[in-house]
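Structure data (mmCIF, C-alpha atoms) from start-v8.cif:
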data_model
#
loop_
_atom_site.label_atom_id
_atom_site.label_comp_id
_atom_site.auth_asym_id
_atom_site.auth_seq_id
_atom_site.Cartn_x
_atom_site.Cartn_y
_atom_site.Cartn_z
CA MET A 1 129.69 102.32 92.19
CA THR A 2 127.43 100.82 89.53
CA LYS A 3 124.71 98.68 91.00
CA THR A 4 124.07 95.16 89.73
CA LEU A 5 120.76 93.44 89.08
CA THR A 6 120.47 89.66 88.83
CA ILE A 7 117.38 88.11 87.27
CA ILE A 8 116.57 84.42 87.74
CA TRP A 9 114.02 83.26 85.21
CA ARG A 10 112.39 79.84 85.40
CA SER A 11 109.66 79.92 82.75
CA GLY A 12 110.25 78.62 79.26
CA SER A 13 110.51 80.29 75.88
CA MET A 14 106.81 79.92 74.99
CA MET A 15 103.37 79.53 76.61
CA ALA A 16 104.01 82.34 79.09
CA MET A 17 105.35 85.85 78.66
CA ASP A 18 107.53 85.50 81.75
CA SER A 19 110.81 85.19 79.83
CA ASN A 20 109.91 88.31 77.88
CA VAL A 21 109.28 90.18 81.13
CA ALA A 22 112.73 89.07 82.26
CA THR A 23 114.37 90.30 79.05
CA LYS A 24 112.51 93.61 79.15
CA LEU A 25 113.61 94.20 82.74
CA ALA A 26 117.19 93.35 81.78
CA ALA A 27 117.11 95.68 78.77
CA ALA A 28 115.74 98.55 80.86
CA ALA A 29 118.39 97.99 83.53
CA LEU A 30 121.16 98.09 80.91
CA ARG A 31 119.66 101.27 79.38
CA LYS A 32 119.78 102.90 82.77
CA GLY A 33 123.43 101.99 83.28
CA TYR A 34 123.16 99.09 85.69
CA LYS A 35 125.12 95.86 85.41
CA VAL A 36 122.88 92.91 84.63
CA ASN A 37 123.20 89.19 85.27
CA MET A 38 120.63 86.66 84.12
CA PHE A 39 120.38 83.02 85.15
CA GLY A 40 118.05 80.47 83.54
CA TYR A 41 116.87 77.68 85.80
CA GLY A 42 114.42 74.82 85.27
CA GLU A 43 112.20 75.37 82.22
CA GLY A 44 113.85 78.78 81.77
CA ILE A 45 116.76 77.20 79.96
CA THR A 46 114.61 76.65 76.85
CA ALA A 47 114.65 80.40 76.23
CA VAL A 48 118.33 80.35 75.18
CA LYS A 49 117.90 77.83 72.34
CA LYS A 50 119.47 79.04 69.12
CA GLY A 51 117.26 79.07 66.02
CA GLN A 52 113.89 79.74 67.65
CA ALA A 53 111.45 80.86 64.96
CA PRO A 54 108.11 81.85 66.49
CA LYS A 55 105.84 83.11 63.70
CA ARG A 56 103.82 85.56 65.77
CA PHE A 57 105.45 85.83 69.17
CA PRO A 58 108.57 87.66 70.33
CA ASN A 59 111.79 85.72 69.78
CA VAL A 60 113.16 85.46 73.29
CA GLY A 61 116.32 83.71 72.09
CA GLU A 62 117.21 86.72 69.95
CA GLU A 63 116.37 89.03 72.83
CA ILE A 64 118.77 87.14 75.08
CA GLU A 65 121.51 87.26 72.44
CA GLU A 66 121.02 91.03 72.13
CA LEU A 67 121.24 91.43 75.91
CA ALA A 68 124.52 89.49 75.95
CA LYS A 69 125.88 91.73 73.18
CA ALA A 70 124.81 94.76 75.20
CA GLY A 71 126.84 93.56 78.18
CA ALA A 72 124.55 91.37 80.27
CA LYS A 73 126.20 88.31 81.80
CA ILE A 74 123.91 85.38 81.01
CA SER A 75 124.22 81.85 82.30
CA LEU A 76 122.05 78.85 83.02
CA CYS A 77 121.88 75.60 84.92
CA GLU A 78 123.77 72.87 83.04
CA THR A 79 121.89 70.09 84.85
CA CYS A 80 118.58 71.58 83.70
CA TYR A 81 119.98 72.01 80.18
CA ALA A 82 121.22 68.43 79.84
CA ALA A 83 118.04 67.06 81.41
CA ARG A 84 116.01 68.53 78.55
CA GLY A 85 118.33 67.12 75.90
CA PHE A 86 120.10 70.33 75.00
CA GLN A 87 123.72 70.12 73.92
CA ARG A 88 126.47 72.68 74.31
CA GLY A 89 126.50 74.83 71.19
CA GLU A 90 122.71 74.92 70.89
CA GLU A 91 122.55 78.11 72.94
CA VAL A 92 122.52 81.60 71.43
CA GLU A 93 125.80 83.53 71.38
CA GLY A 94 126.94 85.01 74.66
CA VAL A 95 125.28 82.52 76.99
CA LYS A 96 127.49 80.52 79.36
CA ILE A 97 126.38 77.02 80.33
CA GLY A 98 126.99 77.13 84.06
CA SER A 99 125.79 76.00 87.44
CA LEU A 100 124.02 77.14 90.57
CA THR A 101 127.16 76.64 92.61
CA ASN A 102 129.46 78.70 90.41
CA GLU A 103 127.69 81.19 88.15
CA LEU A 104 124.50 81.81 90.12
CA PHE A 105 126.38 82.03 93.40
CA GLY A 106 128.76 84.52 91.80
CA PHE A 107 125.91 86.53 90.31
CA ILE A 108 124.05 86.77 93.60
CA SER A 109 127.19 87.57 95.56
CA GLU A 110 127.88 90.63 93.40
CA SER A 111 124.25 91.76 93.17
CA ASP A 112 122.43 94.64 94.80
CA ARG A 113 119.03 93.31 93.75
CA LEU A 114 117.68 89.89 92.79
CA VAL A 115 114.47 89.48 90.81
CA THR A 116 112.84 86.10 90.21
CA ILE A 117 110.49 85.70 87.26
CA ALA A 118 108.64 82.39 87.52
CA ARG A 119 105.19 80.99 88.10
CA MET B 1 119.43 84.46 100.91
CA LEU B 2 115.83 83.58 101.69
CA VAL B 3 114.32 80.76 99.61
CA MET B 4 110.53 80.64 99.75
CA VAL B 5 109.13 77.20 98.89
CA THR B 6 105.41 77.52 98.19
CA LYS B 7 104.67 74.41 96.11
CA ALA B 8 103.99 70.84 97.22
CA PRO B 9 106.45 68.03 96.42
CA TYR B 10 106.47 65.63 93.45
CA GLY B 11 103.60 66.96 91.32
CA LEU B 12 105.78 69.95 90.52
CA GLU B 13 109.58 70.11 90.48
CA ASP B 14 109.68 73.61 91.96
CA ALA B 15 110.18 72.65 95.61
CA PHE B 16 113.06 70.30 94.80
CA ALA B 17 114.63 72.96 92.58
CA GLY B 18 114.35 75.48 95.42
CA LEU B 19 115.96 73.14 97.93
CA ARG B 20 118.84 72.44 95.49
CA LEU B 21 119.35 76.15 94.95
CA ALA B 22 119.49 76.62 98.71
CA LEU B 23 122.09 73.85 98.90
CA ALA B 24 124.23 75.41 96.15
CA MET B 25 124.29 78.72 98.00
CA GLY B 26 124.87 77.03 101.37
CA VAL B 27 127.90 75.00 100.20
CA ASN B 28 129.50 78.30 99.15
CA GLY B 29 129.10 79.65 102.65
CA MET B 30 126.15 81.95 101.96
CA ARG B 31 123.75 82.35 104.86
CA VAL B 32 120.55 80.73 103.64
CA THR B 33 117.10 80.29 105.12
CA VAL B 34 114.29 78.20 103.61
CA ILE B 35 110.68 78.98 104.44
CA GLU B 36 108.07 76.42 103.48
CA SER B 37 104.71 78.14 103.22
CA ASP B 38 101.34 77.61 101.51
CA ASP B 39 101.46 74.18 99.80
CA GLY B 40 105.22 74.24 100.42
CA VAL B 41 104.55 72.96 103.95
CA TYR B 42 103.79 69.53 102.45
CA ASN B 43 107.55 69.20 101.89
CA ALA B 44 107.90 69.05 105.68
CA ILE B 45 105.71 65.95 106.08
CA ALA B 46 107.73 62.95 107.31
CA GLY B 47 107.40 59.52 105.75
CA GLN B 48 107.54 60.59 102.10
CA LYS B 49 108.21 57.75 99.66
CA PRO B 50 109.31 59.49 96.45
CA GLU B 51 110.44 56.16 95.01
CA ALA B 52 106.73 55.42 94.52
CA VAL B 53 106.73 57.98 91.70
CA ALA B 54 110.42 57.57 90.79
CA MET B 55 111.29 61.07 91.96
CA PRO B 56 114.30 62.33 93.92
CA SER B 57 113.62 62.84 97.62
CA ASN B 58 112.65 66.25 98.89
CA VAL B 59 113.35 64.94 102.39
CA GLU B 60 116.99 64.22 101.52
CA ALA B 61 117.19 67.55 99.69
CA THR B 62 116.04 69.14 102.95
CA THR B 63 118.22 67.28 105.45
CA GLU B 64 121.35 67.78 103.29
CA LEU B 65 120.94 71.49 103.96
CA TYR B 66 121.71 71.11 107.64
CA ASP B 67 125.38 70.32 106.92
CA PHE B 68 125.68 73.90 105.72
CA ASP B 69 123.70 75.51 108.53
CA VAL B 70 120.72 76.28 106.32
CA ARG B 71 117.65 76.81 108.49
CA VAL B 72 114.36 75.31 107.31
CA PHE B 73 111.05 76.61 108.63
CA ALA B 74 107.44 75.56 107.98
CA VAL B 75 104.58 77.97 108.66
CA ARG B 76 102.22 76.74 111.38
CA GLU B 77 99.06 78.34 110.00
CA ASP B 78 99.61 76.70 106.61
CA LEU B 79 100.08 73.30 108.27
CA GLU B 80 96.86 73.91 110.23
CA ASP B 81 94.92 74.99 107.11
CA ARG B 82 95.85 71.69 105.51
CA GLY B 83 94.96 69.57 108.53
CA VAL B 84 98.53 68.40 109.14
CA ALA B 85 99.49 70.49 112.17
CA ASP B 86 99.91 67.33 114.23
CA ALA B 87 101.61 65.22 111.56
CA PRO B 88 105.22 64.07 112.13
CA LEU B 89 107.60 66.41 110.32
CA VAL B 90 110.94 65.92 108.60
CA ASP B 91 113.76 66.02 111.17
CA GLY B 92 115.14 69.48 111.70
CA VAL B 93 112.27 71.46 110.20
CA LYS B 94 111.17 74.09 112.70
CA VAL B 95 107.59 75.30 112.86
CA ILE B 96 107.09 79.06 113.06
CA GLY B 97 104.05 81.30 113.16
CA LYS B 98 103.17 83.56 110.25
CA ASP B 99 103.75 86.56 112.51
CA GLU B 100 107.47 85.64 112.62
CA LEU B 101 107.96 85.97 108.85
CA LYS B 102 108.54 89.73 108.71
CA ALA B 103 111.51 89.46 111.06
CA ILE B 104 113.00 86.60 109.02
CA LEU B 105 112.60 88.53 105.76
CA GLU B 106 114.36 91.50 107.34
CA GLU B 107 117.43 89.33 107.91
CA HIS B 108 117.88 88.80 104.15
CA ASP B 109 118.87 91.08 101.29
CA VAL B 110 117.81 88.72 98.53
CA THR B 111 114.92 86.32 98.19
CA THR B 112 113.69 83.89 95.58
CA THR B 113 110.43 81.97 95.35
CA PHE B 114 109.69 78.43 94.21
CA MET C 1 112.63 103.94 101.89
CA VAL C 2 110.03 101.32 101.06
CA ARG C 3 111.85 98.11 101.71
CA THR C 4 110.15 95.36 99.73
CA ALA C 5 108.89 95.25 96.14
CA PHE C 6 106.47 92.39 95.54
CA ILE C 7 106.48 91.05 91.98
CA VAL C 8 103.04 89.81 90.91
CA ILE C 9 102.51 88.17 87.50
CA ARG C 10 99.35 86.11 88.02
CA SER C 11 95.72 87.17 88.17
CA PRO C 12 94.23 87.48 91.68
CA GLN C 13 91.85 84.61 90.95
CA GLU C 14 94.80 82.37 90.02
CA LEU C 15 96.99 83.38 92.97
CA ASP C 16 95.94 85.89 95.60
CA PRO C 17 99.07 87.89 96.48
CA VAL C 18 97.65 89.78 99.43
CA GLU C 19 98.01 87.25 102.26
CA THR C 20 101.70 86.68 101.44
CA MET C 21 102.31 90.43 101.27
CA HIS C 22 100.71 91.05 104.67
CA ARG C 23 102.74 88.24 106.19
CA LEU C 24 106.09 89.50 104.91
CA ALA C 25 105.91 93.27 105.20
CA ASP C 26 103.87 96.16 106.54
CA ARG C 27 101.87 98.21 104.04
CA ASP C 28 104.16 101.23 104.33
CA ASP C 29 107.18 99.02 103.61
CA SER C 30 105.61 97.45 100.52
CA THR C 31 105.40 98.25 96.84
CA ALA C 32 103.51 95.95 94.46
CA ILE C 33 104.76 95.70 90.87
CA LEU C 34 102.15 94.10 88.62
CA PHE C 35 103.11 92.38 85.36
CA GLU C 36 101.16 90.23 82.89
CA ASP C 37 97.86 89.02 84.44
CA GLY C 38 98.96 90.57 87.72
CA VAL C 39 97.61 93.85 86.35
CA TYR C 40 94.06 92.64 87.03
CA ASN C 41 94.81 93.17 90.73
CA ALA C 42 94.63 96.91 90.06
CA LEU C 43 91.57 96.78 87.79
CA GLN C 44 89.03 94.75 89.73
CA PRO C 45 87.20 96.83 92.38
CA LYS C 46 87.44 94.37 95.28
CA ARG C 47 90.93 93.16 94.48
CA SER C 48 92.29 96.65 94.00
CA ALA C 49 91.06 97.61 97.47
CA LEU C 50 92.80 94.55 98.91
CA ILE C 51 96.12 95.24 97.21
CA ALA C 52 95.94 98.92 98.15
CA ASN C 53 95.60 97.74 101.74
CA ALA C 54 98.73 95.59 101.38
CA ALA C 55 101.05 97.99 99.54
CA ALA C 56 101.55 101.73 99.86
CA ASP C 57 102.54 101.92 96.18
CA VAL C 58 101.10 99.90 93.32
CA ILE C 59 102.92 100.04 90.00
CA VAL C 60 101.38 98.51 86.90
CA ALA C 61 103.35 97.55 83.78
CA HIS C 62 101.91 99.87 81.16
CA ASP C 63 102.42 97.55 78.19
CA ASP C 64 100.65 94.65 79.93
CA LEU C 65 97.75 96.97 80.83
CA GLU C 66 97.42 98.27 77.28
CA ALA C 67 97.72 94.80 75.74
CA ARG C 68 94.70 93.66 77.75
CA GLY C 69 92.47 96.51 76.57
CA PHE C 70 92.82 98.86 79.53
CA ARG C 71 94.26 102.31 80.10
CA GLU C 72 95.83 104.02 83.09
CA SER C 73 92.49 105.77 83.72
CA ASP C 74 90.92 102.33 84.28
CA LEU C 75 93.18 101.60 87.24
CA LYS C 76 91.36 101.49 90.58
CA VAL C 77 94.68 101.78 92.38
CA GLY C 78 98.24 102.69 91.54
CA LYS C 79 99.84 104.08 88.43
CA ALA C 80 101.08 102.75 85.13
CA ALA C 81 104.82 102.65 84.53
CA ASP C 82 107.19 101.73 81.73
CA TYR C 83 110.09 99.35 82.26
CA ASP C 84 112.60 102.13 82.91
CA GLN C 85 110.43 103.38 85.76
CA ILE C 86 109.97 99.85 87.08
CA ILE C 87 113.74 99.30 87.11
CA GLU C 88 114.15 102.61 88.93
CA THR C 89 111.72 101.32 91.57
CA ILE C 90 113.56 98.02 91.94
CA MET C 91 117.08 99.46 92.01
CA GLU C 92 116.62 102.79 93.80
CA ARG C 93 113.29 103.00 95.59
CA THR C 94 113.10 99.58 97.23
CA GLU C 95 115.67 97.37 98.92
CA ARG C 96 114.65 93.86 97.87
CA THR C 97 112.13 92.03 95.73
CA VAL C 98 109.86 89.15 96.65
CA THR C 99 108.16 87.24 93.84
CA ILE C 100 104.70 86.04 94.79
#

In C-alpha cells, how does this file's structure come out?
Amino acid sequence: MTKTLTIIWRSGSMMAMDSNVATKLAAAALRKGYKVNMFGYGEGITAVKKGQAPKRFPNVGEEIEELAKAGAKISLCETCYAARGFQRGEEVEGVKIGSLTNELFGFISESDRLVTIAR
Amino acid sequence: MLVMVTKAPYGLEDAFAGLRLALAMGVNGMRVTVIESDDGVYNAIAGQKPEAVAMPSNVEATTELYDFDVRVFAVREDLEDRGVADAPLVDGVKVIGKDELKAILEEHDVTTTF
Amino acid sequence: MVRTAFIVIRSPQELDPVETMHRLADRDDSTAILFEDGVYNALQPKRSALIANAAADVIVAHDDLEARGFRESDLKVGKAADYDQIIETIMERTERTVTI
C-alpha cells in the first residue's frame, strides 16, 4: 500500500526558506510515488497567496499550485488565514481552506510520516 | 500524537498554536500528549494574566485539553534551569524528568514541535 | 531500523539540537537531517563532533550545503543527500520525525 507523508509548514512565504524546503520535500515524495498532504498553519498560510511575484526568490505560491496539480492534497488553517486578512479565492488553485479539526486531523490519521517545517 | 511545546507564552504565538493543535486532535479522539520543554515550561507557570497584553490564555488552552484526556508534562530540569522549579504550576500539568522523555516519544508515531 | 529522524534547520549557534536529541533518543536510534543553516552542524569541528555523538547517521541537504559555499568533502560528519534520498530516509529508513 502506498505510504503517505504529511507536511505541516508554519513559516511564511518570504524571509525564510522553510516553505521552499517543505515544497521540495513534497515534490520529492510525489516523484517517488508517495501520497502527499500539506497543511499550512500560522504564518505558513501566506505561502498560498495567489499572485506572489518575488523578483529574485523562488515563487512558493507557484510551487504549491504545481504540487496540487501533481496530486498533493493541500489545506490550511482558516482561522490563521482570516486572522491575516486573507479572503477565500486569494489562494492558488488546488488549495483547500480548512481546519485543524477536519483537514489536518484527516491528514494525520491517514499518514505514515509527519514532518514539521517551522522555526 | 506528541506535541512538543518549546517556546514561552505571549511573546510568540507558537505555544498557543501548539496547544490548539493538540486540542483539535484530542476532540477527534486522537491520543495526544503535550510536552513542555526548554522555554515551553513557562507555559506551566500558574498565575498568568494574559489580559495584561490582550492575548488569549495559554492556561485555558492547557486546561481545556484535560476534557479530552490529553496529558500535559513539563520537564523538571528545564524548570530548574529557569529557577522556577518551586513555582506553583497550572493545575493538571505533571512534572517529569528528562530521562522519561524517550519512553514517552516511543509511545507516539507522529510528533510536531512548536 | 533507526527510529527517529531529527529535522534541523537552524545553525548550532542559533539553536543547539544536541541536548534535545540526547533526551529523546539513543544515538543508534537517531538520524539527523540538516537543512538550511542546520548544515553548519556538520561543518564546524566542535559541533560536528557533538552531532555525531547524538546521531548514528547525519544527512546534509546537498543544495543547502552548495548554496553556502561548501562541498561534501568539507563535511566533518555525515554525507550530502538530494531530496529524493532525504525522502527515502524519512519514509523508509526511519519511523518518525522530530523537528528541533

For this session: Could you list the residues in chain C lying within 7 Å of chain B, using all atoms listed in the file, and format the result as a list in words?
Result: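 So the residues of chain C near chain B are Arg23, Leu24, Ala25, Arg96, Thr97, Val98 and Thr99 of chain C.
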
Once 3 Å is added on each side, what are the centre and the three edge lengths, in Å to one decimal, of the axis-aligned box enclosing the listed atoms of range 31-40 of chain B? Present them as AutoDock Vina command-line options.
--center_x 112.5 --center_y 78.3 --center_z 102.5 --size_x 28.4 --size_y 14.2 --size_z 11.3

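Picked out by the PyMOL selection byres ((chain A and resi 30) around 10) when it runs on this file: Thr4, Leu5, Lys24, Leu25, Ala26, Ala27, Ala28, Ala29, Arg31, Lys32, Gly33, Tyr34, Lys35, Val36, Leu67, Ala70, Gly71 and Ala72 of chain A; Asp84 and Ile87 of chain C.
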
Exercise. What is the CA of Val39 in chain C to CA of Glu19 in chain C distance in Å?
Worked result: 17.2 Å

Exercise. The PyMOL selection byres ((chain A and resi 96) around 8) on the file shown: which residues, as a count of residues only?
Worked result: 7

For this session: Tell me which protein, DNA and RNA residues are within 7 Å of Tyr42 in chain B, counting only C-alpha atoms, leaving out same-chain ones fewer than 3 positions away, and put them as an MDAnalysis selection string.
Result: chainID B and resid 8:9 39 45

For this session: Convert the output of the PyMOL selection byres ((chain A and resi 52) around 12) on the shown file into explicit residues, formatted as a list of chain:residue names.
Result: A:Ser13, A:Met14, A:Thr46, A:Ala47, A:Val48, A:Lys49, A:Lys50, A:Gly51, A:Ala53, A:Pro54, A:Lys55, A:Arg56, A:Phe57, A:Pro58, A:Asn59, A:Val60, A:Gly61, A:Glu62, A:Glu63, A:Ile64, A:Glu65, A:Glu90, A:Glu91, A:Val92

Exercise. Within 10 Å of chain A, which residues of chain B show up when using only C-alpha atoms, listed as JSON, numbers by chain?
Worked result: {"B": [1, 13, 14, 17, 20, 21, 22, 23, 24, 25, 26, 27, 28, 29, 30, 109, 110, 111, 112, 113, 114]}

Exercise. What residues in chain C lie within 12 Å of chain A, counting only C-alpha atoms, written as a ChimeraX atom specification?
Worked result: /C:3-11,14-15,33-38,61,63-64,82-100

For this session: Mind giving me the straight-line distance from CA of Glu110 in chain A to CA of Thr6 in chain A in Å, one decimal?
Result: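 One can read the CA of Glu110 in chain A to CA of Thr6 in chain A distance as 8.8 Å.
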